[in-house]
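J.: Got a file for you: start.txt, compact mmCIF, C-alpha atoms and all ligand atoms.
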# COMPACT_ATOMS: atom_id res chain seq x y z
CA MET A 20 33.57 24.07 23.22
CA ARG A 21 33.50 20.52 24.50
CA THR A 22 32.20 20.38 28.02
CA ILE A 23 33.34 18.01 30.74
CA SER A 24 30.93 15.80 32.66
CA ILE A 25 31.44 13.88 35.85
CA ALA A 26 28.66 11.43 36.68
CA ILE A 27 28.12 10.35 40.27
CA ASP A 28 25.56 7.62 40.87
CA GLY A 29 24.66 5.53 43.85
CA PRO A 30 22.02 4.83 46.48
CA SER A 31 20.66 7.52 48.76
CA GLY A 32 22.71 8.59 51.75
CA ALA A 33 26.14 7.54 50.47
CA GLY A 34 27.17 11.19 50.63
CA LYS A 35 26.59 11.73 46.91
CA SER A 36 25.09 15.19 46.98
CA THR A 37 27.46 16.60 49.61
CA LEU A 38 30.49 15.21 47.80
CA ALA A 39 29.28 16.12 44.32
CA LYS A 40 28.62 19.68 45.48
CA LEU A 41 32.09 20.02 47.03
CA LEU A 42 33.77 18.46 44.01
CA ALA A 43 31.93 20.85 41.69
CA GLN A 44 32.98 23.80 43.85
CA LYS A 45 36.62 22.75 43.78
CA LEU A 46 36.57 22.30 40.01
CA GLY A 47 34.43 25.34 39.24
CA TYR A 48 31.84 23.13 37.53
CA LEU A 49 28.07 23.31 37.78
CA TYR A 50 26.57 20.94 40.33
CA VAL A 51 23.39 19.25 39.15
CA ASP A 52 21.37 17.30 41.70
CA THR A 53 19.00 15.27 39.54
CA GLY A 54 17.20 13.72 42.52
CA ALA A 55 15.92 17.22 43.29
CA ILE A 56 14.23 17.31 39.88
CA TYR A 57 12.38 14.04 40.55
CA ARG A 58 11.45 15.38 43.97
CA THR A 59 10.01 18.52 42.38
CA VAL A 60 7.82 16.45 40.06
CA ALA A 61 6.61 14.41 43.04
CA LEU A 62 5.83 17.51 45.09
CA PHE A 63 3.74 18.96 42.29
CA ALA A 64 1.76 15.72 41.87
CA MET A 65 1.18 15.43 45.62
CA GLU A 66 0.11 19.05 46.01
CA ARG A 67 -2.42 18.52 43.23
CA GLY A 68 -3.81 15.57 45.17
CA ASN A 69 -2.47 12.97 42.76
CA ASP A 70 -0.91 9.63 43.56
CA PRO A 71 2.79 9.97 42.56
CA GLY A 72 2.69 6.36 41.35
CA ASP A 73 -0.19 6.95 38.94
CA GLU A 74 1.46 7.23 35.55
CA ALA A 75 -1.51 8.60 33.62
CA ALA A 76 -2.17 11.27 36.23
CA VAL A 77 1.46 12.34 36.61
CA ALA A 78 2.06 12.31 32.84
CA GLY A 79 -0.95 14.58 32.46
CA LEU A 80 0.59 17.07 34.89
CA LEU A 81 3.99 17.31 33.18
CA PRO A 82 2.97 19.99 30.66
CA GLN A 83 1.80 22.19 33.54
CA MET A 84 5.16 22.09 35.23
CA GLU A 85 7.92 24.55 34.58
CA ILE A 86 10.96 23.35 36.45
CA LYS A 87 14.00 25.55 36.65
CA MET A 88 17.22 25.46 38.56
CA ALA A 89 18.76 28.61 39.87
CA TYR A 90 22.05 28.99 41.61
CA GLY A 91 21.91 31.43 44.50
CA THR A 92 24.76 33.48 45.91
CA ASP A 93 24.94 30.71 48.53
CA GLY A 94 26.16 28.45 45.70
CA LEU A 95 23.21 26.15 46.31
CA GLN A 96 21.00 24.68 43.66
CA HIS A 97 17.51 26.08 44.16
CA MET A 98 14.56 24.34 42.55
CA LEU A 99 11.90 26.57 41.09
CA LEU A 100 8.51 25.07 40.35
CA ASN A 101 6.38 27.41 38.27
CA GLY A 102 8.39 30.26 39.72
CA ARG A 103 8.11 29.16 43.36
CA ASP A 104 11.22 28.18 45.31
CA VAL A 105 10.57 24.63 46.55
CA THR A 106 14.14 23.84 47.65
CA GLU A 107 13.07 23.19 51.24
CA ASP A 108 9.70 21.56 50.52
CA ILE A 109 11.15 18.81 48.36
CA ARG A 110 13.27 17.53 51.28
CA ARG A 111 10.24 16.46 53.27
CA HIS A 112 10.11 12.78 54.13
CA ALA A 113 6.84 12.20 52.29
CA VAL A 114 8.30 13.74 49.15
CA SER A 115 11.24 11.29 49.24
CA LYS A 116 8.78 8.45 48.91
CA GLY A 117 6.85 10.23 46.17
CA ALA A 118 10.08 10.91 44.27
CA SER A 119 10.94 7.22 44.29
CA GLN A 120 7.48 6.52 42.83
CA VAL A 121 7.56 9.15 40.07
CA SER A 122 11.10 8.11 39.16
CA ALA A 123 9.79 4.67 38.17
CA LEU A 124 7.45 6.19 35.56
CA PRO A 125 8.78 6.07 31.98
CA ALA A 126 6.91 9.27 31.03
CA VAL A 127 8.68 11.18 33.82
CA ARG A 128 12.13 9.83 32.96
CA ALA A 129 11.70 10.67 29.28
CA PHE A 130 10.53 14.18 30.18
CA LEU A 131 13.57 14.84 32.37
CA LEU A 132 16.21 13.19 30.18
CA GLU A 133 16.62 16.03 27.71
CA MET A 134 16.68 18.65 30.45
CA GLN A 135 19.61 16.89 32.10
CA ARG A 136 21.51 16.37 28.84
CA GLU A 137 21.06 20.00 27.87
CA LEU A 138 22.67 21.12 31.14
CA ALA A 139 25.67 18.89 30.42
CA ARG A 140 25.95 20.21 26.86
CA ARG A 141 26.06 23.79 28.07
CA HIS A 142 28.21 23.50 31.18
CA ASN A 143 30.99 21.50 32.76
CA VAL A 144 29.01 19.51 35.28
CA VAL A 145 29.20 17.24 38.24
CA MET A 146 25.82 15.53 37.99
CA ASP A 147 24.52 13.19 40.64
CA GLY A 148 21.68 10.70 40.45
CA ARG A 149 20.97 7.05 39.80
CA ASP A 150 21.29 6.63 36.04
CA ILE A 151 23.66 9.41 35.03
CA GLY A 152 26.56 7.14 34.02
CA THR A 153 24.31 4.46 32.50
CA VAL A 154 21.61 6.45 30.68
CA VAL A 155 21.79 10.24 30.89
CA LEU A 156 25.50 10.78 30.14
CA PRO A 157 26.94 7.50 28.90
CA GLN A 158 29.90 9.47 27.49
CA ALA A 159 30.77 11.15 30.79
CA ASP A 160 34.49 11.81 31.26
CA LEU A 161 34.45 10.23 34.70
CA LYS A 162 31.85 7.96 36.27
CA ILE A 163 31.76 7.26 39.95
CA PHE A 164 29.50 4.79 41.72
CA LEU A 165 29.35 5.98 45.29
CA THR A 166 28.02 3.66 47.92
CA ALA A 167 28.16 2.80 51.63
CA GLN A 168 26.55 0.23 53.90
CA ALA A 169 22.83 0.82 54.52
CA GLU A 170 23.33 1.51 58.26
CA ASP A 171 25.92 4.16 57.51
CA ARG A 172 23.65 5.78 54.97
CA ALA A 173 20.63 5.69 57.30
CA ARG A 174 22.66 7.33 60.06
CA ARG A 175 23.64 10.18 57.76
CA ARG A 176 20.09 10.71 56.54
CA TYR A 177 18.79 10.57 60.12
CA ARG A 178 21.26 13.27 61.19
CA GLU A 179 20.33 15.40 58.19
CA LEU A 180 16.65 15.23 59.12
CA LEU A 181 17.36 16.21 62.73
CA GLU A 182 19.53 19.10 61.59
CA ARG A 183 16.63 20.34 59.50
CA GLY A 184 14.50 20.26 62.62
CA GLN A 185 12.32 17.41 61.34
CA ASP A 186 11.00 14.59 63.47
CA ALA A 187 12.91 11.41 62.76
CA ASP A 188 13.37 7.95 64.12
CA TYR A 189 16.49 5.99 63.13
CA GLU A 190 14.75 2.63 62.68
CA THR A 191 12.16 4.17 60.36
CA VAL A 192 14.86 5.94 58.36
CA LEU A 193 16.82 2.68 58.02
CA ARG A 194 13.73 0.81 56.90
CA ASP A 195 12.97 3.52 54.33
CA VAL A 196 16.56 3.50 53.04
CA ILE A 197 16.39 -0.26 52.48
CA GLN A 198 12.95 -0.05 50.87
CA ARG A 199 14.02 2.77 48.60
CA ASP A 200 17.19 0.92 47.56
CA GLU A 201 15.04 -2.05 46.69
CA ALA A 202 12.61 0.07 44.66
CA ASP A 203 15.40 1.99 42.89
CA THR A 204 17.42 -1.09 41.96
CA SER A 205 14.55 -3.34 40.92
CA ARG A 206 12.46 -0.96 38.82
CA ALA A 207 12.11 -1.86 35.17
CA ILE A 208 13.26 1.45 33.76
CA SER A 209 16.73 2.91 34.41
CA PRO A 210 17.33 0.91 37.59
CA LEU A 211 20.15 1.97 39.86
CA ARG A 212 23.23 0.05 38.80
CA GLN A 213 26.90 0.67 38.38
CA ALA A 214 27.99 1.46 34.82
CA GLU A 215 30.65 -0.94 33.56
CA ASP A 216 33.19 1.85 33.25
CA ALA A 217 32.36 3.49 36.59
CA VAL A 218 34.80 3.57 39.49
CA LEU A 219 33.33 2.09 42.68
CA VAL A 220 33.89 4.28 45.74
CA ASP A 221 32.68 2.90 49.08
CA THR A 222 32.47 5.64 51.71
CA THR A 223 31.60 3.37 54.67
CA GLY A 224 33.51 4.60 57.71
CA ASN A 225 35.25 7.40 55.79
CA THR A 226 35.16 11.04 56.73
CA LEU A 227 33.83 13.49 54.19
CA GLU A 228 37.31 14.86 53.65
CA GLU A 229 38.74 11.41 52.92
CA SER A 230 36.04 10.69 50.36
CA LEU A 231 36.47 14.12 48.76
CA GLN A 232 40.22 13.59 48.42
CA ARG A 233 39.56 10.26 46.73
CA LEU A 234 37.24 11.92 44.20
CA LEU A 235 39.70 14.74 43.56
CA ARG A 236 42.47 12.23 42.90
CA LEU A 237 40.26 10.34 40.47
CA THR A 238 39.43 13.58 38.69
CA GLU A 239 43.10 14.49 38.46
CA GLU A 240 43.97 11.10 37.02
CA ARG A 241 41.12 10.66 34.61
CA VAL A 242 39.84 14.08 33.66
CA ARG A 243 42.40 16.79 34.31
CA HIS A 244 45.09 14.62 32.79
CA GLY A 245 43.15 14.33 29.57
CA GLU A 246 42.62 18.10 29.37
CA GLU A 247 46.28 18.83 28.85
O1 LIG B 1 18.82 11.39 45.47
P1 LIG B 1 17.44 11.63 45.97
O2 LIG B 1 17.11 10.88 47.22
O3 LIG B 1 17.12 13.10 46.10
O4 LIG B 1 16.48 11.06 44.81
C1 LIG B 1 15.09 11.05 44.95
C2 LIG B 1 14.50 9.86 44.18
O5 LIG B 1 14.67 10.05 42.78
C3 LIG B 1 15.13 8.52 44.52
O6 LIG B 1 14.12 7.59 44.89
C4 LIG B 1 15.77 8.04 43.26
C5 LIG B 1 15.21 8.88 42.17
N1 LIG B 1 16.21 9.30 41.19
C6 LIG B 1 16.30 8.60 40.02
O7 LIG B 1 15.56 7.64 39.82
N2 LIG B 1 17.19 8.98 39.07
C7 LIG B 1 18.02 10.01 39.26
N3 LIG B 1 18.89 10.35 38.32
C8 LIG B 1 17.96 10.72 40.48
C9 LIG B 1 17.05 10.33 41.45
Render the structure in this file as structure tokens.
T.:
Amino acid sequence: MRTISIAIDGPSGAGKSTLAKLLAQKLGYLYVDTGAIYRTVALFAMERGNDPGDEAAVAGLLPQMEIKMAYGTDGLQHMLLNGRDVTEDIRRHAVSKGASQVSALPAVRAFLLEMQRELARRHNVVMDGRDIGTVVLPQADLKIFLTAQAEDRARRRYRELLERGQDADYETVLRDVIQRDEADTSRAISPLRQAEDAVLVDTTGNTLEESLQRLLRLTEERVRHGEE
């Protein structure tokens, strides 16, 4: 059976994961948060006392890592690292920085590429990340590039951190968002960029519901239509 893939790329904090998750739920597709996989690699490196930017060290750790995704009754994607549930741990602020560093390493990207493609071969997916439309699933049925102004994105991330009970300071979050954008868009390998055939969706000032409706309409037009 041919599976359907929807690729959602964009910078952090544009509402990608929330929207991708809701879209997947509505469509009955599997939601794959690829950022969580990079975060899991970073967490492992950091816990082993390695610098997440040290390619030789991180590449050496890859064979010791068994990364699995499990979908709980809560419908959430849980990350399992060598059998341990690290879903919460990978959201720590320090791990965000580490994830950006490991994601710039060619050895890490090559290691994760096949895992992501395999998921899309086996399931209908809504997959979110940075290079899904450009590298991982260039044949995706629908590609969306989701973005919003940096201040909007920083505000969302800041609120998320507070809701998780973490200490946060808006100015620091904004600075990190801008730094991470810079690192993600300027890295040599698989930089964050909009695929030529992706639809640009800017969520600045929109409510979640408005953005979700936009994505559902796009899916209706471009994917559902083709299914008939
Ligand atoms: O979406 P996120 O913040 O959880 O992603 C964590 C880091 O991983 C971020 O710096 C970008 C990187 N990433 C990537 O390079 N490619 C992906 N497909 C997903 C995430």
J.: Could you give me, as a PyMOL selection string, every polymer residue with an atom at most 7 Å away from an atom of ligand LIG 1 (chain B), counting only C-alpha atoms and all ligand atoms?
T.: chain A and resi 31+53-55+57-58+115-116+118-119+122-123+147-151+199+203
J.: Contacts of segment 59-72 of chain A at 12 Å or less, counting only C-alpha atoms, minus same-chain residues fewer than 5 places along, as a count of residues only?
T.: 48
J.: What does the distance from atom CA of Ser230 of chain A to atom CA of Asp171 of chain A come to in Å, to one decimal?
T.: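 Going from atom CA of Ser230 of chain A over to atom CA of Asp171 of chain A covers 14.0 Å.
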J.: Would you list the contacts of Ala39 of chain A as a ChimeraX atom specification, taking every protein, DNA or RNA residue within 10 Å and counting only C-alpha atoms, but skipping same-chain residues closer than 3 positions in sequence?
T.: /A:25-28,34-36,42-45,49-52,144-147,231,234
J.: So what do you get for atom CA of Val154 of chain A versus atom CA of Ser209 of chain A, distance-wise?
T.: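 One can read the atom CA of Val154 of chain A to atom CA of Ser209 of chain A distance as 7.1 Å.
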J.: Provide the atom CA of Thr22 of chain A to atom CA of Pro210 of chain A distance in Å, to one decimal place.
T.: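 Here the two named atoms are 26.3 Å from each other.
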J.: Give the answer as one residue: which of A:Leu41, A:Leu138, A:Ala129, A:Leu219 has the shortest atom-to-atom distance to Ala167 of chain A, using all atoms listed in the file?
T.: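 Under the stated criterion, the closest residue is A:Leu219.
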J.: My list of candidates is A:Leu161, A:Arg175, A:Asp200, A:Gln96. Which is closest to Arg243 of chain A when distances are computed with only C-alpha atoms?
T.: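 Under the stated criterion, the closest residue is A:Leu161.
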J.: Might I get the box with edges along x, y and z of the file that holds all atoms of segment 56-71 of chain A listed there, padded by 3 Å on every side, given as centre and edge lengths in Å to one decimal, as lines of an AutoDock Vina configuration file?
T.:
center_x = 5.2
center_y = 14.3
center_z = 42.9
size_x = 24.0
size_y = 15.4
size_z = 12.1
J.: Quick one: of A:Glu137, A:Ile197, A:Gly152, A:Glu190, who's nearest to Leu165 of chain A, counting only C-alpha atoms?
T.: A:Gly152
